[in-house]
$ cat run_1.txt   # compact mmCIF, C-alpha atoms and all ligand atoms
# COMPACT_ATOMS: atom_id res chain seq x y z
CA MET A 1 251.45 -73.05 5.14
CA SER A 2 251.67 -72.00 1.49
CA ALA A 3 254.73 -70.26 0.06
CA ILE A 4 252.45 -67.88 -1.85
CA SER A 5 248.78 -67.41 -1.11
CA LEU A 6 246.24 -65.14 -2.77
CA SER A 7 242.79 -64.88 -1.32
CA GLY A 8 239.86 -63.08 -2.96
CA VAL A 9 242.20 -60.81 -4.93
CA ASP A 10 240.61 -58.22 -7.22
CA LEU A 11 242.62 -55.69 -9.15
CA CYS A 12 241.10 -52.79 -10.99
CA TYR A 13 243.43 -50.48 -12.96
CA PRO A 14 242.98 -46.71 -12.40
CA ASP A 15 241.30 -46.38 -15.81
CA GLY A 16 238.67 -48.91 -14.74
CA THR A 17 240.08 -51.92 -16.63
CA LEU A 18 239.49 -55.14 -14.75
CA GLY A 19 242.88 -56.75 -14.21
CA LEU A 20 242.00 -59.58 -11.82
CA ALA A 21 238.78 -60.84 -10.28
CA GLN A 22 238.36 -63.11 -7.27
CA ILE A 23 241.73 -64.79 -7.49
CA CYS A 24 242.25 -67.55 -4.92
CA LEU A 25 245.49 -69.46 -5.30
CA ASP A 26 247.76 -71.33 -2.89
CA ILE A 27 251.22 -72.27 -4.09
CA GLU A 28 253.16 -74.77 -2.00
CA ASP A 29 256.81 -74.59 -1.06
CA GLY A 30 258.94 -75.96 -3.90
CA GLU A 31 256.02 -76.07 -6.31
CA PHE A 32 256.42 -75.05 -9.97
CA VAL A 33 253.24 -73.35 -11.14
CA ALA A 34 252.67 -72.19 -14.71
CA LEU A 35 250.22 -69.37 -15.45
CA VAL A 36 248.75 -69.58 -18.93
CA GLY A 37 246.01 -67.78 -20.79
CA PRO A 38 245.38 -65.74 -23.90
CA SER A 39 247.01 -62.35 -24.34
CA GLY A 40 245.39 -59.85 -21.96
CA SER A 41 244.05 -62.53 -19.62
CA GLY A 42 245.86 -61.07 -16.60
CA LYS A 43 249.01 -63.21 -16.35
CA THR A 44 251.42 -60.28 -15.96
CA THR A 45 248.98 -58.47 -13.68
CA LEU A 46 248.83 -61.49 -11.37
CA LEU A 47 252.62 -61.86 -11.30
CA ARG A 48 253.15 -58.14 -10.61
CA THR A 49 250.57 -58.29 -7.83
CA ILE A 50 252.54 -61.10 -6.16
CA ALA A 51 255.76 -59.12 -6.67
CA GLY A 52 254.30 -55.95 -5.16
CA PHE A 53 254.42 -53.66 -8.22
CA LEU A 54 250.61 -53.61 -8.19
CA ASN A 55 248.31 -53.46 -5.19
CA PRO A 56 245.09 -55.46 -5.10
CA THR A 57 241.85 -53.50 -4.88
CA ALA A 58 240.50 -56.25 -2.61
CA GLY A 59 241.77 -59.44 -1.00
CA THR A 60 245.12 -60.42 0.46
CA VAL A 61 248.49 -61.67 -0.73
CA SER A 62 250.64 -63.67 1.70
CA LEU A 63 254.16 -65.01 1.43
CA GLY A 64 254.59 -67.76 3.99
CA ALA A 65 253.31 -66.32 7.29
CA ASP A 66 253.61 -62.71 6.12
CA VAL A 67 250.62 -60.83 4.76
CA VAL A 68 252.32 -58.59 2.19
CA ALA A 69 249.21 -56.96 0.72
CA GLY A 70 245.72 -56.57 2.11
CA GLY A 71 243.71 -53.84 3.69
CA ARG A 72 245.95 -50.79 3.81
CA ARG A 73 249.17 -52.71 4.25
CA SER A 74 251.42 -53.31 1.30
CA ALA A 75 255.05 -54.36 1.48
CA PRO A 76 257.17 -52.81 -1.31
CA PRO A 77 258.70 -55.22 -3.86
CA GLU A 78 262.22 -54.94 -2.38
CA ASP A 79 260.94 -56.22 0.98
CA ARG A 80 259.26 -59.31 -0.48
CA GLU A 81 262.43 -61.33 -1.13
CA LEU A 82 261.30 -62.51 -4.54
CA GLY A 83 263.42 -62.98 -7.67
CA MET A 84 261.98 -61.82 -11.00
CA VAL A 85 262.95 -62.44 -14.62
CA PHE A 86 261.20 -60.80 -17.56
CA GLN A 87 261.12 -61.53 -21.27
CA GLN A 88 263.52 -58.69 -22.04
CA HIS A 89 266.64 -59.47 -20.06
CA ALA A 90 267.05 -56.25 -18.10
CA ILE A 91 270.76 -56.56 -17.53
CA TRP A 92 273.09 -53.56 -17.52
CA PRO A 93 275.18 -53.50 -20.69
CA HIS A 94 278.04 -51.50 -19.15
CA ARG A 95 278.61 -53.73 -16.18
CA THR A 96 280.36 -57.07 -16.24
CA VAL A 97 278.32 -60.23 -15.77
CA GLY A 98 279.69 -60.47 -12.20
CA ARG A 99 278.60 -56.91 -11.30
CA ASN A 100 275.18 -57.54 -12.81
CA VAL A 101 274.66 -60.63 -10.71
CA SER A 102 276.11 -59.17 -7.50
CA TYR A 103 274.01 -55.99 -7.65
CA PRO A 104 271.19 -57.21 -5.37
CA LEU A 105 273.81 -58.44 -2.90
CA GLU A 106 275.52 -55.02 -2.91
CA MET A 107 272.14 -53.43 -2.19
CA ALA A 108 271.70 -55.82 0.72
CA GLY A 109 275.10 -54.79 2.14
CA ILE A 110 276.76 -58.19 1.75
CA SER A 111 280.57 -58.18 2.06
CA ARG A 112 282.71 -58.30 -1.08
CA ALA A 113 284.11 -61.77 -0.32
CA GLN A 114 280.67 -63.24 0.35
CA ARG A 115 279.35 -61.62 -2.80
CA ALA A 116 282.08 -63.13 -4.93
CA ALA A 117 281.39 -66.59 -3.53
CA ARG A 118 277.65 -66.32 -4.09
CA VAL A 119 278.05 -64.90 -7.63
CA SER A 120 280.31 -67.80 -8.55
CA GLU A 121 277.79 -70.24 -7.08
CA VAL A 122 274.74 -68.92 -8.97
CA LEU A 123 276.66 -68.53 -12.24
CA THR A 124 277.57 -72.21 -11.92
CA MET A 125 273.90 -73.04 -11.27
CA VAL A 126 272.83 -71.43 -14.56
CA GLY A 127 275.69 -72.95 -16.56
CA LEU A 128 277.89 -69.83 -16.76
CA ALA A 129 280.72 -70.78 -14.40
CA GLY A 130 283.67 -68.41 -14.75
CA PHE A 131 281.74 -65.74 -16.70
CA GLU A 132 282.21 -63.04 -13.99
CA ARG A 133 284.45 -60.74 -16.02
CA ARG A 134 282.60 -61.05 -19.31
CA ASN A 135 280.95 -58.05 -20.94
CA PRO A 136 277.22 -58.76 -21.56
CA ALA A 137 277.57 -57.50 -25.14
CA THR A 138 279.69 -60.57 -25.93
CA LEU A 139 276.95 -62.98 -24.81
CA SER A 140 274.20 -64.66 -26.81
CA GLY A 141 270.52 -63.97 -26.01
CA GLY A 142 270.29 -67.25 -24.13
CA GLN A 143 273.39 -66.47 -22.07
CA ARG A 144 272.07 -63.01 -21.21
CA GLN A 145 268.83 -64.60 -20.05
CA ARG A 146 270.88 -66.94 -17.84
CA VAL A 147 272.59 -63.86 -16.34
CA ALA A 148 269.17 -62.40 -15.53
CA LEU A 149 268.21 -65.72 -13.93
CA ALA A 150 271.46 -65.81 -11.92
CA ARG A 151 270.79 -62.27 -10.67
CA ALA A 152 267.26 -63.24 -9.62
CA LEU A 153 268.69 -66.23 -7.73
CA ALA A 154 271.62 -64.37 -6.13
CA SER A 155 269.90 -63.22 -2.96
CA SER A 156 268.26 -66.63 -2.35
CA PRO A 157 264.69 -65.45 -3.01
CA ARG A 158 261.83 -67.29 -1.38
CA ALA A 159 260.26 -67.68 -4.81
CA LEU A 160 261.12 -67.05 -8.42
CA LEU A 161 258.65 -65.16 -10.63
CA LEU A 162 259.20 -65.54 -14.36
CA ASP A 163 257.27 -63.49 -16.92
CA GLU A 164 257.73 -64.98 -20.40
CA ALA A 165 261.36 -65.41 -19.40
CA LEU A 166 262.10 -67.89 -22.18
CA SER A 167 259.74 -66.55 -24.85
CA ALA A 168 262.27 -64.36 -26.69
CA LEU A 169 264.69 -67.25 -27.25
CA ASP A 170 264.91 -69.35 -30.40
CA GLU A 171 263.79 -72.95 -30.40
CA PRO A 172 266.60 -75.42 -29.68
CA LEU A 173 268.01 -73.04 -27.11
CA ARG A 174 264.65 -72.39 -25.49
CA ASP A 175 264.07 -76.10 -25.21
CA ARG A 176 267.39 -76.63 -23.47
CA LEU A 177 267.01 -73.69 -21.08
CA ARG A 178 263.52 -74.96 -20.26
CA LEU A 179 264.91 -78.33 -19.16
CA GLU A 180 267.76 -76.71 -17.23
CA LEU A 181 265.38 -74.34 -15.49
CA ARG A 182 263.28 -77.26 -14.34
CA THR A 183 266.30 -79.23 -13.16
CA LEU A 184 267.86 -76.37 -11.25
CA THR A 185 264.64 -75.20 -9.59
CA ARG A 186 263.86 -78.76 -8.53
CA ALA A 187 267.37 -79.30 -7.14
CA ALA A 188 267.13 -76.07 -5.15
CA ASN A 189 263.50 -76.81 -4.11
CA LEU A 190 262.56 -73.37 -5.41
CA THR A 191 258.98 -72.16 -5.57
CA VAL A 192 258.39 -70.89 -9.11
CA VAL A 193 255.55 -68.99 -10.77
CA HIS A 194 256.17 -69.12 -14.49
CA VAL A 195 254.04 -67.02 -16.83
CA THR A 196 253.94 -68.18 -20.42
CA HIS A 197 251.61 -67.96 -23.39
CA ASP A 198 253.15 -71.24 -24.61
CA ARG A 199 250.77 -74.07 -23.66
CA ALA A 200 253.26 -76.82 -24.41
CA GLU A 201 255.87 -75.15 -22.22
CA ALA A 202 253.41 -74.78 -19.34
CA LEU A 203 252.29 -78.40 -19.56
CA ALA A 204 255.84 -79.70 -19.88
CA LEU A 205 257.31 -77.82 -16.92
CA ALA A 206 254.65 -77.33 -14.29
CA ASP A 207 253.53 -79.31 -11.29
CA ARG A 208 250.26 -77.41 -11.61
CA VAL A 209 248.87 -75.24 -14.37
CA VAL A 210 246.64 -72.22 -13.75
CA ILE A 211 244.50 -71.16 -16.71
CA LEU A 212 243.43 -67.51 -16.72
CA ASP A 213 240.89 -65.73 -18.88
CA GLY A 214 239.48 -62.24 -18.43
CA GLY A 215 241.31 -61.84 -15.11
CA ARG A 216 239.68 -64.95 -13.64
CA ILE A 217 241.04 -68.40 -12.90
CA LYS A 218 239.28 -70.91 -15.16
CA GLN A 219 240.99 -74.04 -13.87
CA ILE A 220 243.85 -75.16 -11.66
CA GLY A 221 245.23 -78.68 -11.95
CA SER A 222 248.09 -80.96 -12.85
CA PRO A 223 248.98 -81.01 -16.56
CA GLU A 224 247.22 -84.40 -16.85
CA GLU A 225 244.05 -83.08 -15.17
CA VAL A 226 243.69 -79.90 -17.21
CA VAL A 227 244.26 -81.78 -20.48
CA THR A 228 242.08 -84.84 -19.84
CA GLN A 229 239.41 -83.17 -17.69
CA PRO A 230 239.10 -79.59 -18.92
CA ALA A 231 236.68 -77.69 -16.67
CA SER A 232 235.09 -75.81 -19.55
CA ALA A 233 234.87 -75.71 -23.32
CA PHE A 234 237.17 -72.67 -23.20
CA VAL A 235 239.90 -74.62 -21.40
CA ALA A 236 239.57 -77.57 -23.81
CA HIS A 237 239.89 -75.20 -26.76
CA PHE A 238 242.71 -73.14 -25.30
CA LEU A 239 244.88 -76.04 -24.14
CA SER A 240 244.12 -78.69 -26.74
CA ASP A 241 242.58 -76.93 -29.76
CA ALA A 242 239.36 -78.82 -29.09
CA ASN A 243 236.60 -78.41 -31.67
CA LEU A 244 233.65 -76.67 -30.01
CA ILE A 245 230.21 -77.51 -31.34
CA GLU A 246 226.98 -76.05 -30.01
CA GLY A 247 223.87 -78.15 -29.88
CA ILE A 248 221.34 -79.96 -27.81
CA VAL A 249 221.19 -83.28 -25.99
CA GLU A 250 217.90 -85.15 -26.19
CA ASP A 251 216.71 -88.74 -26.79
CA GLY A 252 220.17 -90.14 -26.09
CA ARG A 253 221.90 -88.09 -28.77
CA PHE A 254 223.75 -84.83 -29.14
CA ARG A 255 222.66 -82.91 -32.24
CA SER A 256 224.54 -79.84 -33.39
CA ILE A 257 222.77 -76.63 -34.29
CA GLY A 258 223.14 -75.63 -37.93
CA HIS A 259 224.81 -78.90 -38.89
CA GLN A 260 223.75 -82.51 -39.28
CA LEU A 261 226.26 -83.88 -36.81
CA CYS A 262 224.71 -86.32 -34.39
CA VAL A 263 226.60 -88.26 -31.70
CA GLY A 264 225.17 -90.88 -29.35
CA THR A 265 225.42 -89.90 -25.68
CA ASP A 266 227.36 -93.11 -24.98
CA ARG A 267 230.25 -91.22 -26.54
CA VAL A 268 229.48 -87.85 -24.92
CA HIS A 269 230.90 -87.58 -21.40
CA GLY A 270 228.81 -85.52 -19.01
CA ALA A 271 225.84 -85.40 -21.38
CA ARG A 272 222.56 -84.24 -19.91
CA ASN A 273 219.41 -83.07 -21.63
CA GLY A 274 219.46 -79.47 -22.77
CA PHE A 275 221.53 -77.00 -24.71
CA GLY A 276 225.27 -76.96 -24.46
CA THR A 277 228.59 -77.24 -26.21
CA ILE A 278 230.60 -80.33 -26.91
CA ALA A 279 234.38 -80.16 -26.99
CA VAL A 280 236.04 -82.73 -29.24
CA LEU A 281 239.80 -83.07 -29.00
CA PRO A 282 241.60 -83.32 -32.37
CA THR A 283 242.91 -86.73 -31.23
CA ASP A 284 239.32 -87.93 -30.67
CA ILE A 285 238.27 -87.60 -34.31
CA GLU A 286 238.96 -90.53 -36.59
CA LEU A 287 239.19 -89.99 -40.33
CA ILE A 288 237.75 -92.84 -42.35
CA SER A 289 238.35 -93.35 -46.03
CA PRO A 290 234.96 -93.67 -47.84
CA VAL A 291 235.99 -97.05 -49.33
CA ASP A 292 236.23 -98.58 -45.85
CA GLY A 293 232.44 -98.42 -45.60
CA ALA A 294 232.61 -98.13 -41.81
CA HIS A 295 230.07 -96.10 -39.87
CA THR A 296 230.84 -92.39 -39.89
CA ASP A 297 229.19 -89.44 -38.18
CA GLU A 298 229.80 -87.04 -41.03
CA HIS A 299 231.61 -86.57 -44.33
CA GLY A 300 233.82 -83.74 -45.40
CA ILE A 301 236.66 -82.50 -47.57
CA VAL A 302 240.26 -82.14 -46.37
CA MET A 303 241.09 -78.42 -46.51
CA SER A 304 244.58 -78.53 -45.05
CA SER A 305 246.96 -81.24 -43.96
CA LEU A 306 250.14 -80.30 -42.14
CA PHE A 307 252.92 -82.70 -41.34
CA GLY A 308 253.71 -83.27 -37.68
CA ARG A 309 256.33 -85.48 -36.08
CA ASP A 310 253.79 -87.66 -34.25
CA SER A 311 250.60 -86.92 -36.17
CA SER A 312 249.36 -84.73 -39.01
CA ASP A 313 247.28 -81.66 -38.24
CA VAL A 314 244.31 -81.93 -40.59
CA VAL A 315 241.32 -79.62 -41.11
CA VAL A 316 238.19 -81.13 -42.65
CA THR A 317 235.30 -78.93 -43.75
CA SER A 318 231.82 -80.37 -43.57
CA GLN A 319 228.71 -78.28 -44.28
CA GLY A 320 230.51 -75.07 -43.49
CA MET A 321 231.97 -76.33 -40.23
CA ASP A 322 235.70 -76.94 -39.78
CA PHE A 323 236.90 -79.96 -37.82
CA ARG A 324 240.48 -80.00 -36.62
CA CYS A 325 241.80 -83.55 -36.43
CA SER A 326 245.06 -85.07 -35.36
CA VAL A 327 245.79 -88.00 -37.65
CA ARG A 328 248.33 -90.74 -37.06
CA GLY A 329 249.50 -92.91 -39.92
CA PRO A 330 249.26 -91.91 -43.60
CA ARG A 331 248.70 -88.19 -44.12
CA PRO A 332 245.50 -87.36 -46.06
CA SER A 333 245.80 -85.06 -49.09
CA VAL A 334 244.05 -81.73 -49.52
CA GLY A 335 240.82 -82.31 -51.48
CA ASP A 336 240.31 -85.88 -50.22
CA ARG A 337 236.76 -86.79 -49.30
CA VAL A 338 236.77 -88.45 -45.88
CA GLY A 339 234.38 -89.71 -43.25
CA LEU A 340 234.57 -88.36 -39.70
CA ARG A 341 233.94 -90.41 -36.61
CA ILE A 342 233.93 -88.86 -33.17
CA ARG A 343 235.33 -91.28 -30.62
CA ARG A 344 234.65 -89.16 -27.58
CA ALA A 345 233.29 -85.72 -26.73
CA LEU A 346 232.92 -83.72 -23.53
CA PHE A 347 229.62 -81.96 -22.89
CA TYR A 348 229.35 -78.57 -21.16
CA PRO A 349 225.76 -77.49 -20.51
CA ASP A 350 224.90 -73.86 -21.22
CA ALA A 351 225.05 -71.94 -17.98
CA ASP A 352 222.30 -69.51 -18.85
CA THR A 353 219.51 -71.87 -19.88
CA ASP A 354 217.48 -72.87 -16.88
CA ASP A 355 215.89 -76.31 -16.93
CA GLU A 356 212.35 -75.07 -17.44
CA ALA A 357 213.25 -73.02 -20.50
CA THR A 358 215.18 -75.99 -21.90
CA ALA A 359 212.23 -78.32 -21.33
CA SER A 360 209.84 -76.03 -23.19
CA VAL A 361 212.27 -75.63 -26.11
CA LEU A 362 212.78 -79.39 -26.19
CA SER A 363 209.07 -80.07 -26.39
CA ALA A 364 208.72 -77.43 -29.12
CA VAL A 365 211.55 -79.08 -31.06
CA SER A 366 210.06 -82.55 -30.79
CA ALA A 367 206.54 -81.33 -31.66
CA HIS A 368 208.02 -79.88 -34.81
CA ARG A 369 209.26 -83.22 -36.12
P1 LIG B 1 248.67 -60.82 -20.07
O1 LIG B 1 249.98 -60.71 -19.35
O2 LIG B 1 247.91 -62.07 -19.75
O3 LIG B 1 248.80 -60.64 -21.54
P2 LIG B 1 248.01 -58.37 -18.64
O4 LIG B 1 248.09 -58.78 -17.22
O5 LIG B 1 249.16 -57.60 -19.18
O6 LIG B 1 247.71 -59.64 -19.56
O7 LIG B 1 246.71 -57.50 -18.86
C1 LIG B 1 245.43 -57.86 -18.34
C2 LIG B 1 244.43 -56.77 -18.69
O8 LIG B 1 244.76 -55.57 -18.02
C3 LIG B 1 244.39 -56.41 -20.17
O9 LIG B 1 243.06 -56.10 -20.49
C4 LIG B 1 245.26 -55.18 -20.26
O10 LIG B 1 244.90 -54.38 -21.35
C5 LIG B 1 244.97 -54.50 -18.94
N1 LIG B 1 246.10 -53.67 -18.45
C6 LIG B 1 247.38 -54.06 -18.26
N2 LIG B 1 248.13 -53.05 -17.77
C7 LIG B 1 247.28 -51.98 -17.65
C8 LIG B 1 247.42 -50.63 -17.18
N3 LIG B 1 248.59 -50.17 -16.74
N4 LIG B 1 246.32 -49.84 -17.21
C9 LIG B 1 245.13 -50.30 -17.64
N5 LIG B 1 244.92 -51.55 -18.08
C10 LIG B 1 245.97 -52.39 -18.09
MG MG B 2 251.98 -60.48 -20.05
$ encode --input "run_1.txt" --output "structure tokens"
Amino acid sequence: MSAISLSGVDLCYPDGTLGLAQICLDIEDGEFVALVGPSGSGKTTLLRTIAGFLNPTAGTVSLGADVVAGGRRSAPPEDRELGMVFQQHAIWPHRTVGRNVSYPLEMAGISRAQRAARVSEVLTMVGLAGFERRNPATLSGGQRQRVALARALASSPRALLLDEALSALDEPLRDRLRLELRTLTRAANLTVVHVTHDRAEALALADRVVILDGGRIKQIGSPEEVVTQPASAFVAHFLSDANLIEGIVEDGRFRSIGHQLCVGTDRVHGARNGFGTIAVLPTDIELISPVDGAHTDEHGIVMSSLFGRDSSDVVVTSQGMDFRCSVRGPRPSVGDRVGLRIRRALFYPDADTDDEATASVLSAVSAHR
């Protein structure tokens, strides 16, 4: 049985905005799932639907064996036994850290002695042992976020829901809290749904990544799967900044539309005759200096070249089309003329061209030459 299960969930806001469409998602006990997607893709809506702040228009939400939303039934958030942390640490400024963390336990009628023991335990878990009497105003942003996390953990929730919980923090701190969050949730075998717009964070932390767009799930998979086998050109672009090039596959080659680029289908995974889009990862484009004289697919001019720790992030313009490339070794200079060679591309056929229409266009194209 899944810890969290959504089946056929639709959510339409009262003003008619589509929040979620046909969401099916099973999250296992102890699993760490990251929800990613562009702004407005429905990440917060999905999290709030699990939490019970929003009710699905259709479908069901279950937590373990309990159906918490579906049909006319809907359990209120306080009955769902979930812990939540938001981007803006909603901790009370006039209460001590200890009172902040013990609040949910007070609400649940836990005795003072038991509360004190539990507060001390969760503060230790988040690296704030002995902070009970501190005033939140004396804490850093990262420490306040740890307090919010401790409060969410205090009543031993069956899952932790995090909405951009680390996004407001500055870099070295965010990095550290990220690692600690992963370590502590793994040690406690906690089920976590972590919403983030940060792709790197999602890939680094999650057992499985869910990619949302327009309220729909575009792909679910392990970080390795979603990066190496993106289900669509959108996913390849969103997760890996893949270059998307529209064109047509015929006669064993992919030819782009409005550009001279031509790539043999031996290098195009999933190629099949017809119109479609190829996705080329920045790491799959090789830049070749013209003096090397090696075969290239295209030539272009370096428009920008940014230093990166592992590789430079280079944009090459060729016939009005920009190619984003990840270059290891010496960093090219802006203005350099370079050759481009595509090592590998992924082909996604157009969904809306049926085979007959494609065949007639293909024959028209070849008759023209
Ligand atoms: P994300 O968290 O991925 O940025 P949201 O879940 O906040 O996205 O929003 C998903 C979509 O629902 C967006 O189009 C957003 O404008 C819309 N939306 C969010 N909240 C409301 C609301 N209260 N009423 C109407 N539309 C909303
Ligand atoms: Mg959001």
$ closest_atom_pairs --input "run_1.txt" --of "chain A" --to "ligand LIG 1 (chain B)" --cutoff "9 Å" --atoms "all atoms listed in the file" --output "tab-separated table"
residue	atom	partner	partner_atom	distance
A:Cys12	CA	B:LIG1	N5	8.1
A:Tyr13	CA	B:LIG1	C9	5.0
A:Pro14	CA	B:LIG1	N4	6.6
A:Asp15	CA	B:LIG1	C9	5.8
A:Gly16	CA	B:LIG1	C9	7.2
A:Thr17	CA	B:LIG1	N5	5.1
A:Leu18	CA	B:LIG1	O8	6.2
A:Gly19	CA	B:LIG1	O8	4.4
A:Leu20	CA	B:LIG1	C1	7.6
A:Leu35	CA	B:LIG1	O2	8.8
A:Val36	CA	B:LIG1	O2	7.6
A:Gly37	CA	B:LIG1	O2	6.1
A:Pro38	CA	B:LIG1	O2	6.1
A:Ser39	CA	B:LIG1	O3	3.7
A:Gly40	CA	B:LIG1	O6	3.3
A:Ser41	CA	B:LIG1	O2	3.9
A:Gly42	CA	B:LIG1	O4	3.3
A:Lys43	CA	B:LIG1	O2	3.8
A:Thr44	CA	B:LIG1	O1	3.7
A:Thr45	CA	B:LIG1	O4	3.7
A:Leu46	CA	B:LIG1	O4	6.5
A:Leu47	CA	B:LIG1	O4	8.1
A:Arg48	CA	B:LIG1	O4	8.3
A:Asp163	CA	B:LIG1	O1	8.2
A:Glu164	CA	B:LIG1	O1	8.9
A:Val195	CA	B:LIG1	O1	7.9
A:Thr196	CA	B:LIG1	O1	8.5
A:His197	CA	B:LIG1	O2	7.9
A:Leu212	CA	B:LIG1	O2	7.7
A:Asp213	CA	B:LIG1	O2	8.0
A:Gly214	CA	B:LIG1	C2	7.4
A:Gly215	CA	B:LIG1	C1	6.6
$ residues_around --input "run_1.txt" --residues "A:Gly274" --least-positions-apart "5" --cutoff "7 Å" --atoms "all atoms listed in the file" --output "ChimeraX atom specification"
/A:248-250,349,358
$ atom_distance --input "run_1.txt" --atom1 "atom CA of A:Arg144" --atom2 "atom CA of A:Val210"
28.1 Å
$ residues_near_point --input "run_1.txt" --point "(234.3, -85.1, -25.8)" --cutoff "9 Å" --atoms "all atoms listed in the file" --output "PDB file with C-alpha atoms, in the frame of the given file"
ATOM      1  CA  ALA A 242     239.360 -78.820 -29.090  1.00  0.00           C
ATOM      2  CA  ARG A 267     230.250 -91.220 -26.540  1.00  0.00           C
ATOM      3  CA  VAL A 268     229.480 -87.850 -24.920  1.00  0.00           C
ATOM      4  CA  HIS A 269     230.900 -87.580 -21.400  1.00  0.00           C
ATOM      5  CA  GLY A 270     228.810 -85.520 -19.010  1.00  0.00           C
ATOM      6  CA  ILE A 278     230.600 -80.330 -26.910  1.00  0.00           C
ATOM      7  CA  ALA A 279     234.380 -80.160 -26.990  1.00  0.00           C
ATOM      8  CA  VAL A 280     236.040 -82.730 -29.240  1.00  0.00           C
ATOM      9  CA  LEU A 281     239.800 -83.070 -29.000  1.00  0.00           C
ATOM     10  CA  ASP A 284     239.320 -87.930 -30.670  1.00  0.00           C
ATOM     11  CA  ILE A 342     233.930 -88.860 -33.170  1.00  0.00           C
ATOM     12  CA  ARG A 343     235.330 -91.280 -30.620  1.00  0.00           C
ATOM     13  CA  ARG A 344     234.650 -89.160 -27.580  1.00  0.00           C
ATOM     14  CA  ALA A 345     233.290 -85.720 -26.730  1.00  0.00           C
ATOM     15  CA  LEU A 346     232.920 -83.720 -23.530  1.00  0.00           C
ATOM     16  CA  PHE A 347     229.620 -81.960 -22.890  1.00  0.00           C
TER      17      PHE A 347
END
$ atom_distance --input "run_1.txt" --atom1 "atom CA of A:Leu139" --atom2 "atom CA of A:Ala154"
19.5 Å
$ closest_residue --input "run_1.txt" --among "A:Ser120, A:Ile91, A:Ser7, A:Asp79" --to "A:Thr57" --atoms "only C-alpha atoms"
A:Ser7
$ atom_distance --input "run_1.txt" --atom1 "atom CA of A:Gly335" --atom2 "atom CA of A:Val314"
11.4 Å
$ closest_residue --input "run_1.txt" --among "A:Ala165, A:Val302, A:Val315, A:Ala108" --to "ligand MG 2 (chain B)" --atoms "all atoms listed in the file"
A:Ala165
$ closest_residue --input "run_1.txt" --among "A:Pro77, A:Pro104, A:Gly221, A:Gly98" --to "A:Val235" --atoms "only C-alpha atoms"
A:Gly221
$ closest_residue --input "run_1.txt" --among "A:His194, A:Arg272, A:Arg216, A:His299" --to "ligand MG 2 (chain B)" --atoms "all atoms listed in the file"
A:His194
$ closest_residue --input "run_1.txt" --among "A:Ile217, A:Ala113, A:Ala159, A:Val192" --to "A:Ala21" --atoms "all atoms listed in the file"
A:Ile217
$ residues_around --input "run_1.txt" --residues "A:Ile50" --least-positions-apart "6" --cutoff "10 Å" --atoms "all atoms listed in the file" --output "PyMOL selection string"
chain A and resi 4-6+44+56+60-63+68-69+77+80+82+161+193
$ closest_residue --input "run_1.txt" --among "A:Arg178, A:Arg95, A:Arg337, A:Lys218" --to "A:Ala200" --atoms "all atoms listed in the file"
A:Arg178
